[in-house]
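Text of coords.tsv (TSV, C-alpha atoms) as supplied:
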chain	number	residue	atom	x	y	z
A	364	MET	CA	158.35	153.06	274.23
A	365	SER	CA	157.87	153.73	277.94
A	366	ALA	CA	155.27	156.28	278.95
A	367	ARG	CA	156.46	159.50	280.49
A	368	PHE	CA	153.23	160.31	282.34
A	369	LYS	CA	150.82	158.35	284.54
A	370	PRO	CA	147.17	158.85	285.46
A	371	GLY	CA	146.75	161.83	287.77
A	372	ASP	CA	149.81	163.71	286.48
A	373	ARG	CA	149.27	167.37	285.64
A	374	VAL	CA	150.30	168.18	282.10
A	375	ALA	CA	150.18	171.12	279.72
A	376	VAL	CA	149.64	170.93	275.98
A	377	ARG	CA	152.43	172.53	273.97
A	378	ARG	CA	151.51	175.84	272.43
A	379	ALA	CA	152.85	175.13	268.97
A	380	TYR	CA	151.48	175.62	265.48
A	381	PRO	CA	153.41	173.39	263.10
A	382	PRO	CA	151.95	172.76	259.65
A	383	GLY	CA	150.75	169.29	258.64
A	384	HIS	CA	148.32	166.63	259.81
A	385	ILE	CA	148.00	167.38	263.53
A	386	ARG	CA	145.54	165.58	265.83
A	387	THR	CA	145.90	168.08	268.69
A	388	PRO	CA	142.99	170.52	268.37
A	389	PHE	CA	143.87	174.22	268.29
A	390	TYR	CA	141.50	175.01	271.16
A	391	ILE	CA	143.47	172.94	273.66
A	392	ARG	CA	147.00	174.11	272.87
A	393	GLY	CA	148.55	175.86	275.84
A	394	LYS	CA	145.93	174.48	278.28
A	395	ALA	CA	146.66	172.38	281.38
A	396	GLY	CA	144.87	169.22	282.42
A	397	VAL	CA	145.26	165.86	284.17
A	398	ILE	CA	146.15	162.48	282.64
A	399	GLU	CA	143.01	160.32	282.79
A	400	ARG	CA	144.56	157.18	281.28
A	401	LEU	CA	147.24	155.87	278.98
A	402	CYS	CA	145.55	154.48	275.85
A	403	GLY	CA	148.58	152.58	274.52
A	404	SER	CA	151.14	153.43	271.86
A	405	PHE	CA	150.20	154.26	268.28
A	406	GLY	CA	151.93	155.24	265.07
A	407	ASN	CA	152.50	158.99	264.97
A	408	PRO	CA	149.73	160.36	262.70
A	409	GLU	CA	151.88	163.36	261.81
A	410	GLU	CA	154.19	160.90	260.03
A	411	LEU	CA	151.66	158.31	258.88
A	412	ALA	CA	149.71	161.00	257.02
A	413	TYR	CA	152.67	161.46	254.67
A	414	GLY	CA	153.32	157.80	253.94
A	415	ARG	CA	156.10	157.40	256.49
A	416	SER	CA	156.31	154.62	259.05
A	417	GLY	CA	154.99	156.52	262.09
A	418	ARG	CA	157.64	154.84	264.22
A	419	PRO	CA	158.60	155.03	266.96
A	420	ALA	CA	155.03	154.62	268.16
A	421	GLN	CA	153.90	157.44	270.42
A	422	PRO	CA	152.21	156.91	273.80
A	423	LEU	CA	148.67	158.27	273.57
A	424	TYR	CA	146.86	159.64	276.61
A	425	ARG	CA	143.39	160.79	277.46
A	426	VAL	CA	143.77	164.12	279.20
A	427	ARG	CA	140.93	165.68	281.21
A	428	PHE	CA	140.51	169.46	281.20
A	429	ARG	CA	138.16	171.63	283.23
A	430	GLN	CA	135.83	173.40	280.84
A	431	ASP	CA	136.03	176.67	282.80
A	432	GLN	CA	139.78	176.63	282.21
A	433	VAL	CA	139.46	175.88	278.51
A	434	TRP	CA	136.80	178.42	277.54
A	435	PRO	CA	136.80	181.96	278.90
A	436	GLY	CA	133.29	182.74	280.12
A	437	TYR	CA	132.18	179.07	280.29
A	438	THR	CA	128.81	179.21	282.01
A	439	GLY	CA	128.34	175.59	283.13
A	440	PRO	CA	129.27	174.10	286.51
A	441	ALA	CA	132.94	173.86	287.53
A	442	ALA	CA	132.73	170.05	287.41
A	443	ASP	CA	132.18	170.03	283.62
A	444	THR	CA	135.15	168.60	281.74
A	445	VAL	CA	136.39	167.74	278.28
A	446	ASP	CA	138.55	164.63	277.72
A	447	ILE	CA	140.86	164.69	274.72
A	448	GLU	CA	143.31	162.15	273.28
A	449	ILE	CA	146.77	163.67	273.01
A	450	TYR	CA	150.07	162.12	271.93
A	451	GLU	CA	152.97	162.31	274.36
A	452	HIS	CA	155.14	164.62	272.24
A	453	TRP	CA	152.46	167.30	272.63
A	454	LEU	CA	152.56	167.18	276.44
A	455	GLU	CA	154.89	168.61	279.05
A	456	PRO	CA	154.74	168.48	282.86
A	457	ALA	CA	152.65	171.27	284.41
B	1417	MET	CA	102.87	167.76	235.67
B	1418	HIS	CA	102.42	165.54	232.68
B	1419	ASP	CA	99.60	163.69	230.93
B	1420	GLY	CA	97.08	165.74	232.85
B	1421	HIS	CA	97.54	164.12	236.26
B	1422	ALA	CA	97.81	166.84	238.76
B	1423	HIS	CA	99.56	165.47	241.84
B	1424	PRO	CA	103.15	166.64	242.16
B	1425	HIS	CA	105.83	163.95	242.36
B	1426	PRO	CA	108.49	164.70	244.93
B	1427	THR	CA	111.80	165.33	243.27
B	1428	ALA	CA	115.28	165.80	244.61
B	1429	PRO	CA	117.75	167.88	242.68
B	1430	ASP	CA	120.38	165.89	240.80
B	1431	HIS	CA	123.85	166.16	242.26
B	1432	ASP	CA	125.74	165.10	239.17
B	1433	GLY	CA	127.92	168.15	238.70
B	1434	PRO	CA	131.64	167.84	237.97
B	1435	LEU	CA	133.60	165.48	240.22
B	1436	THR	CA	135.73	167.00	242.97
B	1437	ASP	CA	139.49	166.34	243.14
B	1438	TYR	CA	138.97	163.88	245.99
B	1439	GLN	CA	136.25	162.00	244.13
B	1440	LEU	CA	138.53	161.70	241.12
B	1441	MET	CA	141.38	160.52	243.34
B	1442	GLU	CA	139.15	157.87	244.93
B	1443	ILE	CA	138.08	156.56	241.52
B	1444	ALA	CA	141.68	156.52	240.25
B	1445	VAL	CA	142.99	154.66	243.32
B	1446	ARG	CA	140.09	152.20	243.24
B	1447	GLU	CA	140.63	151.43	239.55
B	1448	LEU	CA	144.37	150.98	240.08
B	1449	LEU	CA	143.82	148.60	243.00
B	1450	ILE	CA	141.52	146.51	240.83
B	1451	GLU	CA	143.81	146.66	237.78
B	1452	LYS	CA	146.81	145.54	239.82
B	1453	GLY	CA	144.81	142.70	241.33
B	1454	VAL	CA	145.06	143.97	244.94
B	1455	LEU	CA	141.28	143.97	245.34
B	1456	THR	CA	138.37	142.92	243.20
B	1457	ALA	CA	135.43	145.17	242.39
B	1458	ASP	CA	133.19	142.72	244.25
B	1459	GLU	CA	135.35	142.91	247.38
B	1460	ILE	CA	135.03	146.69	247.39
B	1461	ARG	CA	131.29	146.47	246.82
B	1462	GLY	CA	131.05	143.89	249.62
B	1463	ALA	CA	132.98	146.13	252.03
B	1464	VAL	CA	130.63	149.04	251.30
B	1465	GLU	CA	127.62	146.77	251.78
B	1466	ALA	CA	128.99	145.55	255.12
B	1467	MET	CA	129.58	149.15	256.22
B	1468	ASP	CA	126.02	150.11	255.34
B	1469	ALA	CA	124.64	147.03	257.09
B	1470	ARG	CA	125.93	147.94	260.54
B	1471	SER	CA	123.39	149.62	262.76
B	1472	PRO	CA	122.88	150.93	266.30
B	1473	ALA	CA	121.30	147.57	267.13
B	1474	GLU	CA	124.84	146.27	267.76
B	1475	GLY	CA	125.56	149.00	270.30
B	1476	ALA	CA	122.15	148.49	271.93
B	1477	ARG	CA	122.91	144.79	272.33
B	1478	VAL	CA	126.16	145.64	274.13
B	1479	VAL	CA	124.44	148.16	276.42
B	1480	ALA	CA	121.58	145.81	277.30
B	1481	HIS	CA	124.03	143.03	278.11
B	1482	ALA	CA	125.99	145.36	280.39
B	1483	TRP	CA	122.74	146.34	282.15
B	1484	VAL	CA	121.91	142.75	283.08
B	1485	ASP	CA	125.42	141.44	283.76
B	1486	PRO	CA	127.52	143.52	286.19
B	1487	ALA	CA	130.67	141.46	285.55
B	1488	TYR	CA	130.32	142.12	281.82
B	1489	LYS	CA	129.79	145.82	282.52
B	1490	GLY	CA	133.07	145.85	284.44
B	1491	ARG	CA	134.89	144.27	281.50
B	1492	LEU	CA	133.23	146.67	279.06
B	1493	LEU	CA	134.38	149.72	281.00
B	1494	ALA	CA	137.89	148.27	281.46
B	1495	ASN	CA	138.40	147.25	277.82
B	1496	GLY	CA	135.58	148.14	275.44
B	1497	THR	CA	137.22	146.50	272.43
B	1498	ALA	CA	137.65	143.09	274.06
B	1499	ALA	CA	134.18	143.17	275.62
B	1500	CYS	CA	132.52	143.84	272.23
B	1501	GLU	CA	134.54	141.07	270.61
B	1502	GLU	CA	133.31	138.80	273.39
B	1503	LEU	CA	129.79	139.35	271.95
B	1504	GLY	CA	131.02	138.48	268.46
B	1505	ILE	CA	131.30	142.06	267.17
B	1506	ASP	CA	134.25	142.61	264.84
B	1507	MET	CA	135.87	145.88	265.95
B	1508	GLY	CA	138.61	145.83	263.33
B	1509	ILE	CA	141.58	147.98	264.34
B	1510	VAL	CA	139.43	150.33	266.40
B	1511	LYS	CA	140.02	150.69	270.13
B	1512	LEU	CA	136.82	151.35	272.03
B	1513	VAL	CA	136.45	153.37	275.22
B	1514	VAL	CA	133.05	153.01	276.94
B	1515	VAL	CA	132.01	155.83	279.25
B	1516	GLU	CA	129.26	155.35	281.80
B	1517	ASN	CA	126.48	157.76	282.65
B	1518	THR	CA	125.85	157.83	286.38
B	1519	ALA	CA	123.91	159.93	288.88
B	1520	ASP	CA	126.84	162.37	288.85
B	1521	VAL	CA	128.15	162.33	285.27
B	1522	HIS	CA	126.60	162.67	281.81
B	1523	ASN	CA	128.86	161.85	278.85
B	1524	VAL	CA	128.61	163.12	275.28
B	1525	ILE	CA	130.79	162.26	272.29
B	1526	VAL	CA	132.07	164.52	269.53
B	1527	CYS	CA	134.93	164.53	267.05
B	1528	THR	CA	135.97	168.14	266.58
B	1529	LEU	CA	138.65	167.38	263.97
B	1530	CYS	CA	136.61	165.17	261.62
B	1531	SER	CA	133.81	162.71	262.35
B	1532	CYS	CA	135.32	159.70	264.17
B	1533	TYR	CA	132.46	157.46	265.26
B	1534	PRO	CA	132.13	153.87	266.56
B	1535	ARG	CA	130.80	152.55	263.25
B	1536	ALA	CA	131.07	148.90	264.22
B	1537	LEU	CA	128.51	149.55	266.97
B	1538	LEU	CA	126.39	152.39	265.59
B	1539	GLY	CA	126.67	152.15	261.81
B	1540	LEU	CA	127.21	155.32	259.76
B	1541	PRO	CA	127.14	158.62	261.66
B	1542	PRO	CA	124.11	160.91	261.28
B	1543	ASP	CA	124.63	164.08	259.22
B	1544	TRP	CA	124.35	166.36	262.26
B	1545	TYR	CA	127.24	164.53	263.95
B	1546	LYS	CA	129.46	165.53	261.02
B	1547	SER	CA	128.23	169.14	260.88
B	1548	ARG	CA	130.55	171.98	261.79
B	1549	ALA	CA	127.96	173.35	264.20
B	1550	TYR	CA	127.77	170.15	266.28
B	1551	ARG	CA	131.54	169.65	266.23
B	1552	ALA	CA	132.38	173.21	267.22
B	1553	ARG	CA	129.62	173.79	269.74
B	1554	THR	CA	129.60	170.48	271.63
B	1555	VAL	CA	133.01	171.14	273.15
B	1556	ARG	CA	132.30	174.79	273.81
B	1557	GLU	CA	128.71	174.86	275.05
B	1558	PRO	CA	127.68	171.24	275.54
B	1559	ARG	CA	124.72	172.03	277.78
B	1560	ALA	CA	123.19	174.34	275.18
B	1561	VAL	CA	123.65	171.68	272.48
B	1562	LEU	CA	122.09	169.03	274.72
B	1563	ARG	CA	119.11	171.31	275.40
B	1564	GLU	CA	118.57	171.63	271.65
B	1565	PHE	CA	118.34	167.82	271.54
B	1566	GLY	CA	115.72	168.07	274.28
B	1567	THR	CA	118.10	166.93	277.00
B	1568	ALA	CA	118.27	169.05	280.14
B	1569	ILE	CA	121.14	168.01	282.41
B	1570	PRO	CA	120.81	169.47	285.93
B	1571	ASP	CA	123.78	171.47	287.24
B	1572	ARG	CA	124.47	168.87	289.96
B	1573	VAL	CA	125.39	166.42	287.17
B	1574	ALA	CA	128.77	167.06	285.50
B	1575	VAL	CA	128.79	167.09	281.71
B	1576	ARG	CA	131.83	165.25	280.40
B	1577	VAL	CA	132.59	165.83	276.73
B	1578	HIS	CA	134.83	163.33	274.93
B	1579	ASP	CA	136.64	164.69	271.90
B	1580	SER	CA	137.51	161.70	269.73
B	1581	THR	CA	140.73	163.16	268.32
B	1582	ALA	CA	142.97	160.14	267.70
B	1583	ASP	CA	142.91	156.34	267.86
B	1584	MET	CA	140.06	155.73	270.33
B	1585	ARG	CA	136.36	155.54	269.56
B	1586	TYR	CA	133.71	156.18	272.20
B	1587	LEU	CA	130.39	154.73	273.23
B	1588	VAL	CA	128.20	156.08	276.00
B	1589	LEU	CA	126.77	153.47	278.36
B	1590	PRO	CA	123.50	155.13	279.39
B	1591	ALA	CA	122.01	154.52	282.82
B	1592	ARG	CA	119.40	151.77	282.89
B	1593	PRO	CA	115.95	153.35	283.14
B	1594	ALA	CA	114.00	152.75	286.33
B	1595	GLY	CA	110.99	150.46	286.04
B	1596	THR	CA	112.76	147.82	283.95
B	1597	ASP	CA	113.42	145.23	286.67
B	1598	GLY	CA	113.24	141.71	285.34
B	1599	TRP	CA	113.28	142.78	281.67
B	1600	ASN	CA	115.22	140.55	279.31
B	1601	GLU	CA	118.04	141.85	277.12
B	1602	ALA	CA	116.00	142.09	273.92
B	1603	ARG	CA	113.35	144.20	275.64
B	1604	LEU	CA	115.99	146.41	277.25
B	1605	ALA	CA	117.86	146.85	273.96
B	1606	ALA	CA	114.72	148.37	272.42
B	1607	LEU	CA	115.09	151.29	274.86
B	1608	VAL	CA	118.66	152.02	273.76
B	1609	THR	CA	118.66	154.53	270.91
B	1610	ARG	CA	121.57	155.58	268.73
B	1611	ASP	CA	121.48	159.10	270.14
B	1612	SER	CA	121.56	157.83	273.72
B	1613	MET	CA	124.83	156.03	272.91
B	1614	ILE	CA	126.29	159.25	271.44
B	1615	GLY	CA	125.10	160.94	274.61
B	1616	VAL	CA	122.87	163.65	273.18
B	1617	THR	CA	119.84	162.11	274.81
B	1618	LEU	CA	118.76	159.49	277.37
B	1619	PRO	CA	117.34	156.03	276.66
B	1620	ARG	CA	113.62	155.62	276.03
B	1621	LEU	CA	111.52	155.23	279.16
B	1622	PRO	CA	109.66	151.96	279.66

Rewritten as structure tokens:
Amino acid sequence: MSARFKPGDRVAVRRAYPPGHIRTPFYIRGKAGVIERLCGSFGNPEELAYGRSGRPAQPLYRVRFRQDQVWPGYTGPAADTVDIEIYEHWLEPA
Amino acid sequence: MHDGHAHPHPTAPDHDGPLTDYQLMEIAVRELLIEKGVLTADEIRGAVEAMDARSPAEGARVVAHAWVDPAYKGRLLANGTAACEELGIDMGIVKLVVVENTADVHNVIVCTLCSCYPRALLGLPPDWYKSRAYRARTVREPRAVLREFGTAIPDRVAVRVHDSTADMRYLVLPARPAGTDGWNEARLAALVTRDSMIGVTLPRLP
């Protein structure tokens, strides 16, 4: 599967709340960040968790977010960040 | 007290209440795997023993090697999995990302969703790493959490939190302490603590 995003691209995490085994933390849904790297392609955990094949494999990215844009009232310096692994189907261009 | 001797023996409460659903499920699956000949009881015991045998000494060996060999450090940061395998460490299916502490960046690792941890390099995670408080607060107020570990990161240094949410595992490569010029790898490795590779503290000082 070819990767839709490349390092440096601005992306937003889908604001969605489906039931099931989801590896996208609640606190980052709806937030925008920058692709730090492509980690490779991996079986989709939302399928694997229920005994299905997980195919097609999903590109997995590390996305870097500014802490002061993730947490209202974050008191640390503007350079503080949080890096999170997110599967491609959770990301859209921002 | 018994038989008249007065010193108290330390006791821990027994935790042998009824099994939880998940404990019962584990026992049922394990027994089925053995019954069907997929695994033997000794193989399961051996896997648990191997899990318990891993320790932060493996991670410290990797860090110390990276401190003395800049080419190795480059390979470790580019592909953590391959670089650990180069030192004979079996990483299994885990993909490792190594993040480097520098003069400008301090890294700290957390898994907010569960307790993902680079077990091949650090052994079993400490209880606090699995606690809700650490998992919730490290992403939200990392500097306050670090201060509680005795680690004050100045504002000119960015704090970079890594939330281990999916298929990667993380290891912090701490900065080599000053005053260790000419030290061999074994001596350097003794400075590299488990917590410094999680990123909640810095290596020991020489």

- prompt: Closest to chain B among A:Ala375, A:Ala457, A:Ile449, A:Ile398, using all atoms listed in the file?
  reply: A:Ile449

query: Could you pull the residues within 9 Å of B:Thr1554, counting all atoms listed in the file, minus those fewer than 6 positions along the same chain, as JSON, numbers by chain?
result: {"B": [1524, 1525, 1526, 1528, 1560, 1561, 1562, 1577]}

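Candidate residues B:Ile1509, B:Gly1566, B:Gly1496, B:Lys1546 were compared for distance to B:Gly1475, and the nearest is B:Gly1496, using only C-alpha atoms.
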
- request: Please return, as a count of residues only, all residues of chain A lying within 12 Å of chain B when all atoms listed in the file are considered.
  value: 49

query: Could you tell me, as a count of residues only, which residues have any atom at most 12 Å from (117.4, 150.9, 269.8), counting only C-alpha atoms?
result: 29

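Within 6 Å of A:Arg392, once all atoms listed in the file are used and residues closer than 6 positions along the same chain are dropped, the contacting residues are Val376, Arg377 and Arg378 of chain A.
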
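You will find atom CA of B:Asp1485 at 20.5 Å from atom CA of B:Tyr1586.
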
- request: Please measure the separation of atom CA of B:Val1616 and atom CA of B:Val1588, giving the value in Å to one decimal.
  value: 9.7 Å

- request: Please indicate the distance in Å from atom CA of B:Asp1432 to atom CA of B:Lys1452, rounded to one decimal place.
  value: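 Atom-to-atom, atom CA of B:Asp1432 and atom CA of B:Lys1452 are spaced 28.8 Å apart.
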
- request: Give the answer as one residue: which of A:Tyr380, A:Glu451, A:Arg418, A:Leu411 has the shortest atom-to-atom distance to A:Gly393, using only C-alpha atoms?
  value: A:Tyr380

task: Find, counting all atoms listed in the file, the residue in B:Val1464, B:Ile1614, B:Val1510, B:Ala1536 that gets nearest to B:Leu1589.
output: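 Using all atoms listed in the file, B:Leu1589 sits closest to B:Ile1614.
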
query: Looking at all atoms listed in the file, which of A:Pro419, A:Pro382, A:Gly414, A:Trp453 is the one that sits closest to A:Ser365?
result: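 Using all atoms listed in the file, the shortest distance to A:Ser365 belongs to A:Pro419.
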
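Distance check against B:Asp1458 using only C-alpha atoms: of B:Ser1547, B:Gly1595, B:Pro1542, B:Arg1446, the minimum falls on B:Arg1446.
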